[in-house]
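S.K.: Structure provided below as structure tokens; questions to follow.
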Amino acid sequence: MSDDKNQVTITDRILNVVIPPIYHHRVVTHIILLALTVFFGYQASQIQPDAGFEKSIPQQHEYMQIRAKWARDFGGGNTILVSLINRNGQDGEHIYNEEFLTKLSKVTDEVFFVEGVNRKSVTSLFTPNTRYIEVVEGGLAGEDVIPSDYVPNEKNFRRIRDNVGKAQIIGRLVTESENGAMITAEIEEFDPFTGEKRDLKRIADQLEEIRQKYQTEDIGIHIIGFAKVVGDVTDAIPKVIGFFFIALVFTLVMLWMYLGSFKLSLLPLGSAIVAVIWEFGLFRFFGYGLDPFAILVPFLILSVSVSHGVQYANAWVSEIFNDKSSYDASLITFRRLAIPGTTALITDVAGFLTILLIDIDIIQEMAINATLGMAAIIVTNKMLMPIWLTYVSVGDIDKFKVGQAKREQMGDGLWKFLAKGTRTGPAIVIIILAGFAAAWGFYKYPQLQVGDAQAGVPELWPESRYNQDTDAIVNNFSIGADIITVIGETQPEGNSHYQLMEQLDRFEWHMRNTAGVQSVITLGTFAKLVNSGFQDGRLDAVRLPRNSFSLAQSTNYIPTTSGLWNDKRDGYAIHIFTKDHKAETIIHIVDEVKKFNAENKANFIALKDDVDEAYCDDKYAAASVLKEADDKVAILTQARSDQAVIDEAIAKSKDAASEYSQFDKICPMNFALATGNVGVMAATNEVIKAKEIVTIAIVYVVILIFMYLSFWQVGGVLCVVLPLSLVSLTAYGVMAELQIGMKVATLPVVALAVGIGVDYGIYIYSTIQEGLYNGDDLETAMYNTLRKTGKAVVFTGITLGGGVITWLWSDLKFQADMGLMLLYMFTANMFGAILLLGALARFLAKPPKNKPAIAH
Amino acid sequence: MNRSMHLRTAVAGALMCVGAGASLPVAAEVTDPTMVLQPAEIMPLAAESQLLDVTVAGTRLVAVGDKGHVLTSDDKGDTWVQQNVPARQMLISVDFADSQNGWAVGHDSIILRTRDGGESWESQNFDPETGQPLYGVLALSETDAWAVGSFGKFFRTTDGGDNWEVQEVGITEPGVHLISITQLPSGTLVVVGEAGMVAYSNDNGDNWNLGQTAYAGSYFGVLPMGNNGVMLYGLRGTARSAVDVSVLPEMDPWDLDAFSIQSEWTDEELAAIGYENVAVPAATAVFGGAITYDGNYVMVGQNGSLYKGAPGKTELTSVPSPTNKSLNSVVALDDRLIAVGLSGVQVIELQ
């Protein structure tokens with residue numbers, strides 16, 4: 001075919017272009033590359049840690065749009081919970097004593113002054129937004145739970161105890177058994193005035209200092225929240241870097257044993273380290289920071305680079321064995337491996353770029369990071385490594401050859417045995433076994449969790465301090481750490497309309513009845529108690545009154561600082577505390593919210609004669625426009641912008657207001673998802689679920705295209721891609737089996753680790769083709785391939801697998817999970833390439849019509 | 001349907017009656033869906049919802065509460081079934097004349113009637129316009145029943161609820177809330193309410209006497225003590241007993257005033273005639289009570305308080321309570337108590 005001819009000429013043409021600068025001008029090229037390495041090394045040393053809540057959120061998702069819309073009123077779910085629990089609580093030791101209350105007061109003050117804490121949001125017994133309402137004969141009395149004239153004495157302790165009961169805060173601000181108390185606060189990740197990003201690690205450190213300062217043997221302090229997770233993950237990074245070095249040393253020792261020369265073994269490792277330096281340097285150069293959740297990327301770069309480097313060194317050694325000079329050996333190896341190697345790397349790059357489709361900043365950062373790393377590998381492996389090899393001598397060449405022959409001998413029996421796998425009978429057996437594995441993967445795939453399966457945060461081990469703290473809080477308070485906040489959107493002063501508040505109340509009840517929900521808090525929860533207070537405290541008055549005046553009176557008792565509604569009274573937060581944050585729990589709750597909202601809307605409009613759906617849709621739209629305009633005014637005013645700009649915004653807001661005021665008829669409350677940490681998870685899970693299949697599909701399409709361009713035959717493509725897809729599929733099964741959820745941290749692993757498999761497949765199949773072209777039968781071709789390339793694949797599989805084993809002992813559970821998955825991907829791909837690929841070749845491989853790229 | 005036709009005619013015909021059709025919109029534009037009678041939603045946690053009253057109908061327990069919840073239990077409170085009800089108004093009181101015939105009343109002056117032991121209900125009155133509640137109901141027979149409510153609302157039916165006649169008697173004139181109505185073993189009817197009000201009728205409700213109680217707070221209910229005696233309970237740990245309700249000195253209804261009441265009688269003088277203060281362990285409201293199998297009684301109230309007392313004793317003692325959420329009503333079945341309140345049903349085994 002003419003295409004084949006073209007391909008060969010293209011290959012030659014490419015080689016003719018790239019060989020001169022690398023080989024003929026190797027000194028200049030080398031100096032330039034080293035200079036760049038120094039430059040990127042400097043850049044890399046300047047890299048700043050950069051962890052963020054906001055960037056782990058799919059900002060474009062509809063839920064997160066709602067979150068952003070109401071963030072000024074209700075925060076964004078980036079909360080911290082600090083709880084003080086009397087450890088002797090089982091013995092009846094409660095919080096109403098001087099030591100505890102003084103400590104609680106001091107810790108509240110300290111939390112108040114932690115950098116980035118939204119001061120308005122701080123809530124504890126000692127903050128003025130914690131009040132109780134009491135029925136007295138002939139009326140109602142309200143007071144701060146901690147009396148303003150508080151001095152520590154028995155009388156006041158009794159009073160506070162009574163007040164706590166009256167304020168209905170047991171379970172939220174005080175533990176169920178009244179032996180502990182809670183302080184909650186919202187973190188503003190960006191300074192509202194300067195827009196500057198807060199360092200979450202520093203916030204975590206300040207919180208830890210508070211713990212160290214106030215924790216005693218009797219009173220334990222438990223701190224949870226995203227900022228604290230970032231702190232704990234960051235604290236574990238030195239150990240992670242330690243693992244990195246262990247992996248390096250392990251790899252070096254393995255390379256030394258494998259290549260039989262210490263000097264030689266430094267080369268693949270050295271080029272891999274240079275690749276990582278370039279990766280960090282480039283990443284910093286393009287303005288990114290180091291996210292602790294993205295620590296797997298450098299490992300992956302190192303692994304892929306070593307994999308390619310070993311192939312290269314391996315081939316070079318073979319040429320030395322054939323009595324070639326270092327320079328010639330390098331050049332021949334380059335001619336053989338540069339094109340397939342680069343093809344594999346470009347395939348990886350294209351694959352990683354598809355991860356950009358997932359609209360979550362941190363995942364996109366990982367994709368960019370990995371892409372830059374792959375680009376760096378192309379340079380270090382296909383330019384630096386060949387140049388280095390021209391300079392290397394193995395010393396006593398005869399001694400080296402003897403050692404080399406011995407090592408070759410060692411595996412010979414194994415290679416002969418494995419090559420038999422290409423015979424028809426064994427091949428069928430292998431393919432059937434692979435079929436079973438695939439069936440298992442298909443069977444397991446539906447069980448794969450999207451999102452997190454375990455309590456606490458999955459980044460850390462269940463027995464980590466953080467997750468222990470989570471347990472302590474979940475077990476002692478009724479609210480728990482998992483919350484999804486739905487916003488009831490309605491018209492300003494909605495609290496004076498019973499028909500609106502009744503929907504809020506009914507929604508609360510529906511959510512309370514939803515499986516997976518622990519408790520629900522709304523404005524109504526408290527307004528009902530106030531209403532009852534106005535009426536002798538009777539339980540039949542624990543309800544929202546129909547009378548507009550009474551309703552407004554009861555609701556207005558609840559301050560907007562409660563986080564239950566906003567100043568304009570057009571937004572009502574429904575805080576739904578969930579029993580856990582498993583994906584299925586979240587999906588169910590989200591579905592129920594949507595179902596209620598749709599049914600409520602339809603029912604409400606059907607019963608009302610004065611509005612229809614179109615009217616209400618217009619009203620909602622006008623409300624959104626008005627809110628946006630108002631927010632703009634607030635932001636500009638806060639930022640002290642130019643007066644003219646502010647005036648223009650005010651004018652716009654006035655227009656929007658007059659437009660909105662035409663809609664004077666009441667429409668159903670719109671229950672909009674969502675904020676809170678579980679709200680964020682809901683959005684993230686949906687994005688990942690929607691994009692996961694697409695992403696992997698595109699990765700494979702890219703691989704298919706590049707494989708076809710490499711081999712120009714469908715059989716060859718299948719031989720490489722089928723084992724690869726089997727590994728991907730069974731990897732899902734492994735994840736399901738080990739209860740590792742598909743999430744921000746793990747999705748890239750699956751996509752990125754495909755890259756390793758591509759390398760194996762390309763190198764092996766290319767070498768088989770080479771043998772077939774030279775007239776060998778398949779088994780002989782396979783045997784030769786295993787001796788040359790397969791050996792390196794097995795070595796790489798074992799070495800990389802061994803390198804990540806240490807991860808299993810990481811302080812970070814997500815690193816251990818990734819390690820486990822990478823271990824699986826590395827070794828499974830190895831078996832796929834040396835066994836399944838050969839078996840498939842029995843039925844699919846054909847000798848190439850033209851000289852393959854790597855034939856010589 | 002014949003019945004509703006009949007009801008509507010009744011409403012149109014008699015000004016003194018309120019009927020099921022009282023607020024049926026006559027082609028009026030609906031601008032507020034909550035003004036329309038809508039069926040209660042059947043929900044899994046109804047037995048844990050805010051329940052306000054529980055009563056016995058034969059061997060069955062019937063509890064009512066928030067959002068039109070009506071629950072029945074045939075196993076002494078272990079399991080509950082939510083019944084279909086045509087209204088989702090909060091129901092405050094329920095009473096049965098026998099195992100089949102009962103009424104429930106609540107907010108928006110809703111009156112519901114059952115003839116099959118609480119399995120199906122029809123609405124006999126619904127008045128969302130004024131939005132005022134009926135607090136108490138007393139079912140005397142298949143045909144006779146009473147209902148009391150806010151601002152002196154006082155209804156009576158003698159035809160099974162087809163017509164509910166407004167009672168205009170002395171005690172309704174000042175417009176104080178009438179909270180509960182009970183029949184004593186002697187046949188005397190007793191109504192208690194706001195401003196320490198205790199009224200009784202010895203002639204099946206034709207004439208009512210108002211007693212002085214030297215108390216300005218609200219009475220929430222009454223327990224019969226002996227043939228014609230009462231145990232009254234109410235706001236802020238108030239409980240008083242009278243050996244006979246008729247010993248209370250009479251007073252003029254127009255003297256009822258929650259803020260400035262001046263009793264002509266002192267506590268000591270009242271005690272001398274058999275109206276005594278009963279000490280309650282905590283100064284929190286007592287909302288409900290029940291006579292137990294041994295002739296003693298229990299009371300429940302705010303913050304889950306649970307007390308027991310015995311006739312003749314002038315103090316209640318605390319009993320460990322399974323909840324710290326307010327309880328509103330209690331019944332005794334053999335050796336167990338079934339109480340309802342803010343967080344639904346509580347079953348308490350008596351020691």
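Every chain in the structure tokens has a letter given in the order shown (A, B, ...), and although residue numbers restart at 1 in each chain, ligands are simply numbered from 1 in the order shown.
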Contacts from chain B to chain A, 7 Å maximum, only C-alpha atoms: show me the residue list as a ChimeraX atom specification.
M.R.: /B:29-34,43-45,52,92,131,217,328
S.K.: Mind dumping the selected residues with N, CA and C atoms as a PDB file, in the first residue's frame?
M.R.:
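For reference, result34.pdb as written:
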```
ATOM      1  N   GLU B  29     -61.220  33.194  43.428  1.00  0.00           N
ATOM      2  CA  GLU B  29     -59.878  32.952  42.911  1.00  0.00           C
ATOM      3  C   GLU B  29     -58.985  32.468  44.057  1.00  0.00           C
ATOM      4  N   VAL B  30     -58.306  31.357  43.837  1.00  0.00           N
ATOM      5  CA  VAL B  30     -57.377  30.851  44.846  1.00  0.00           C
ATOM      6  C   VAL B  30     -56.016  31.520  44.633  1.00  0.00           C
ATOM      7  N   THR B  31     -55.593  32.282  45.613  1.00  0.00           N
ATOM      8  CA  THR B  31     -54.264  32.883  45.517  1.00  0.00           C
ATOM      9  C   THR B  31     -53.335  32.283  46.563  1.00  0.00           C
ATOM     10  N   ASP B  32     -53.912  31.484  47.462  1.00  0.00           N
ATOM     11  CA  ASP B  32     -53.091  30.871  48.499  1.00  0.00           C
ATOM     12  C   ASP B  32     -53.462  29.388  48.609  1.00  0.00           C
ATOM     13  N   PRO B  33     -52.608  28.508  48.090  1.00  0.00           N
ATOM     14  CA  PRO B  33     -52.929  27.074  48.074  1.00  0.00           C
ATOM     15  C   PRO B  33     -53.165  26.500  49.463  1.00  0.00           C
ATOM     16  N   THR B  34     -52.616  27.146  50.503  1.00  0.00           N
ATOM     17  CA  THR B  34     -52.807  26.585  51.840  1.00  0.00           C
ATOM     18  C   THR B  34     -54.228  26.814  52.338  1.00  0.00           C
ATOM     19  N   MET B  43     -46.074   9.693  55.568  1.00  0.00           N
ATOM     20  CA  MET B  43     -44.621   9.770  55.659  1.00  0.00           C
ATOM     21  C   MET B  43     -44.087   8.707  56.605  1.00  0.00           C
ATOM     22  N   PRO B  44     -42.886   8.189  56.288  1.00  0.00           N
ATOM     23  CA  PRO B  44     -42.340   7.094  57.097  1.00  0.00           C
ATOM     24  C   PRO B  44     -42.136   7.450  58.580  1.00  0.00           C
ATOM     25  N   LEU B  45     -41.793   8.692  58.859  1.00  0.00           N
ATOM     26  CA  LEU B  45     -41.451   9.034  60.240  1.00  0.00           C
ATOM     27  C   LEU B  45     -42.599   9.704  60.990  1.00  0.00           C
ATOM     28  N   LEU B  52     -49.607  15.608  69.278  1.00  0.00           N
ATOM     29  CA  LEU B  52     -50.155  16.441  70.344  1.00  0.00           C
ATOM     30  C   LEU B  52     -51.153  15.725  71.241  1.00  0.00           C
ATOM     31  N   ILE B  92     -54.868  18.834  67.069  1.00  0.00           N
ATOM     32  CA  ILE B  92     -54.462  19.106  68.440  1.00  0.00           C
ATOM     33  C   ILE B  92     -55.100  18.147  69.440  1.00  0.00           C
ATOM     34  N   GLY B 131     -58.102  31.351  60.517  1.00  0.00           N
ATOM     35  CA  GLY B 131     -56.868  30.679  60.882  1.00  0.00           C
ATOM     36  C   GLY B 131     -56.744  30.339  62.340  1.00  0.00           C
ATOM     37  N   GLY B 217     -52.538  32.051  85.182  1.00  0.00           N
ATOM     38  CA  GLY B 217     -51.921  31.395  84.026  1.00  0.00           C
ATOM     39  C   GLY B 217     -52.897  30.479  83.330  1.00  0.00           C
ATOM     40  N   ASN B 328     -46.798  16.065  75.394  1.00  0.00           N
ATOM     41  CA  ASN B 328     -48.042  16.839  75.444  1.00  0.00           C
ATOM     42  C   ASN B 328     -49.231  16.058  75.954  1.00  0.00           C
TER      43      ASN B 328
END
```
S.K.: Residues at most 10 Å from A:Ile360, counting only C-alpha atoms, excluding those fewer than 4 positions away in the same chain, as a ChimeraX atom specification?
M.R.: /A:54-61,355-356,364-365,684,687-688,744
S.K.: Give me every helix (DSSP H, G or I) residue in stretch 141-329 of chain B, going by DSSP on the backbone, as number ranges by chain.
M.R.: B: 150-152, 170-172, 245-247, 253-255, 267-272, 302-304
S.K.: Mind checking which residues fall within 8 Å of A:Gly231, counting only C-alpha atoms, ignoring those fewer than 5 positions away in the same chain, and posting them as number ranges by chain?
M.R.: A: 200-205
S.K.: Atoms to include: C-alpha atoms. Write the selected residues as an mmCIF file, in the first residue's frame.
M.R.:
```
data_model
loop_
_atom_site.group_PDB
_atom_site.id
_atom_site.type_symbol
_atom_site.label_atom_id
_atom_site.label_comp_id
_atom_site.auth_asym_id
_atom_site.auth_seq_id
_atom_site.Cartn_x
_atom_site.Cartn_y
_atom_site.Cartn_z
ATOM 1 C CA LEU A 200 -4.946 27.099 54.238
ATOM 2 C CA LYS A 201 -1.887 25.400 55.679
ATOM 3 C CA ARG A 202 -1.225 28.434 57.846
ATOM 4 C CA ILE A 203 -4.840 28.401 59.028
ATOM 5 C CA ALA A 204 -4.436 24.711 59.875
ATOM 6 C CA ASP A 205 -1.245 25.475 61.795
#
```
S.K.: Excluding A:Phe814 and any residue of its chain fewer than 5 positions from it, enumerate the residues within 7 Å of it, using only C-alpha atoms, and give them as a ChimeraX atom specification.
M.R.: /A:458-460
S.K.: Which residues are near A:Ile32? Cut-off 12 Å, only C-alpha atoms, ignore same chain within fewer than 6 positions. Put them as a ChimeraX atom specification.
M.R.: /A:21-22,25-26,38-39,379,383-384
S.K.: When DSSP works through the backbone of this structure, what residues of stretch 32-230 of chain A end up as strand (DSSP E), shown as an NGL selection string?
M.R.: :A and (79-86 or 131-136 or 139-144 or 180-186 or 219-225)
S.K.: Which residues are near A:Lys416? Cut-off 12 Å, only C-alpha atoms, ignore same chain within fewer than 5 positions. Put them as a PDB file with N, CA and C atoms, in the first residue's frame.
M.R.:
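Below you can see part.pdb, which holds the result:
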```pdb
ATOM      1  N   GLN A 409      21.416 -15.506  29.965  1.00  0.00           N
ATOM      2  CA  GLN A 409      21.214 -16.931  30.164  1.00  0.00           C
ATOM      3  C   GLN A 409      20.143 -17.190  31.216  1.00  0.00           C
ATOM      4  N   MET A 410      20.248 -16.364  32.275  1.00  0.00           N
ATOM      5  CA  MET A 410      19.391 -16.560  33.429  1.00  0.00           C
ATOM      6  C   MET A 410      17.908 -16.650  33.061  1.00  0.00           C
ATOM      7  N   GLY A 411      17.477 -15.716  32.229  1.00  0.00           N
ATOM      8  CA  GLY A 411      16.049 -15.663  31.924  1.00  0.00           C
ATOM      9  C   GLY A 411      15.662 -16.543  30.759  1.00  0.00           C
ATOM     10  N   GLY A 421       3.440 -19.455  24.874  1.00  0.00           N
ATOM     11  CA  GLY A 421       2.100 -18.882  24.997  1.00  0.00           C
ATOM     12  C   GLY A 421       1.529 -18.439  23.665  1.00  0.00           C
ATOM     13  N   THR A 422       2.377 -18.332  22.647  1.00  0.00           N
ATOM     14  CA  THR A 422       1.873 -17.929  21.327  1.00  0.00           C
ATOM     15  C   THR A 422       1.353 -19.109  20.540  1.00  0.00           C
ATOM     16  N   ARG A 423       1.597 -20.344  21.067  1.00  0.00           N
ATOM     17  CA  ARG A 423       1.048 -21.514  20.355  1.00  0.00           C
ATOM     18  C   ARG A 423      -0.482 -21.508  20.480  1.00  0.00           C
ATOM     19  N   GLU A 779       6.443 -17.797  17.300  1.00  0.00           N
ATOM     20  CA  GLU A 779       7.019 -18.195  18.589  1.00  0.00           C
ATOM     21  C   GLU A 779       8.463 -17.728  18.702  1.00  0.00           C
ATOM     22  N   THR A 780       9.215 -17.866  17.618  1.00  0.00           N
ATOM     23  CA  THR A 780      10.606 -17.408  17.625  1.00  0.00           C
ATOM     24  C   THR A 780      10.661 -15.893  17.790  1.00  0.00           C
ATOM     25  N   ALA A 781       9.781 -15.223  17.038  1.00  0.00           N
ATOM     26  CA  ALA A 781       9.743 -13.761  17.140  1.00  0.00           C
ATOM     27  C   ALA A 781       9.425 -13.344  18.569  1.00  0.00           C
ATOM     28  N   MET A 782       8.484 -14.071  19.187  1.00  0.00           N
ATOM     29  CA  MET A 782       8.097 -13.750  20.558  1.00  0.00           C
ATOM     30  C   MET A 782       9.264 -14.010  21.504  1.00  0.00           C
ATOM     31  N   TYR A 783       9.945 -15.140  21.267  1.00  0.00           N
ATOM     32  CA  TYR A 783      11.078 -15.500  22.118  1.00  0.00           C
ATOM     33  C   TYR A 783      12.144 -14.401  22.043  1.00  0.00           C
ATOM     34  N   ASN A 784      12.448 -13.982  20.835  1.00  0.00           N
ATOM     35  CA  ASN A 784      13.469 -12.929  20.666  1.00  0.00           C
ATOM     36  C   ASN A 784      13.013 -11.621  21.299  1.00  0.00           C
ATOM     37  N   THR A 785      11.723 -11.349  21.134  1.00  0.00           N
ATOM     38  CA  THR A 785      11.175 -10.120  21.711  1.00  0.00           C
ATOM     39  C   THR A 785      11.316 -10.135  23.226  1.00  0.00           C
ATOM     40  N   LEU A 786      10.963 -11.271  23.802  1.00  0.00           N
ATOM     41  CA  LEU A 786      11.041 -11.371  25.264  1.00  0.00           C
ATOM     42  C   LEU A 786      12.491 -11.196  25.714  1.00  0.00           C
ATOM     43  N   ARG A 787      13.410 -11.795  24.976  1.00  0.00           N
ATOM     44  CA  ARG A 787      14.821 -11.666  25.342  1.00  0.00           C
ATOM     45  C   ARG A 787      15.280 -10.224  25.285  1.00  0.00           C
ATOM     46  N   GLY A 790      11.045  -7.747  26.136  1.00  0.00           N
ATOM     47  CA  GLY A 790      10.214  -8.289  27.209  1.00  0.00           C
ATOM     48  C   GLY A 790      10.932  -8.258  28.540  1.00  0.00           C
TER      49      GLY A 790
END
```
S.K.: Using only C-alpha atoms for the distances, tell me which of A:Leu81, A:Ile47, A:Ile428, A:Ala472 is nearest to A:Gly281.
M.R.: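 So, comparing all the options, the nearest one is A:Ile47.
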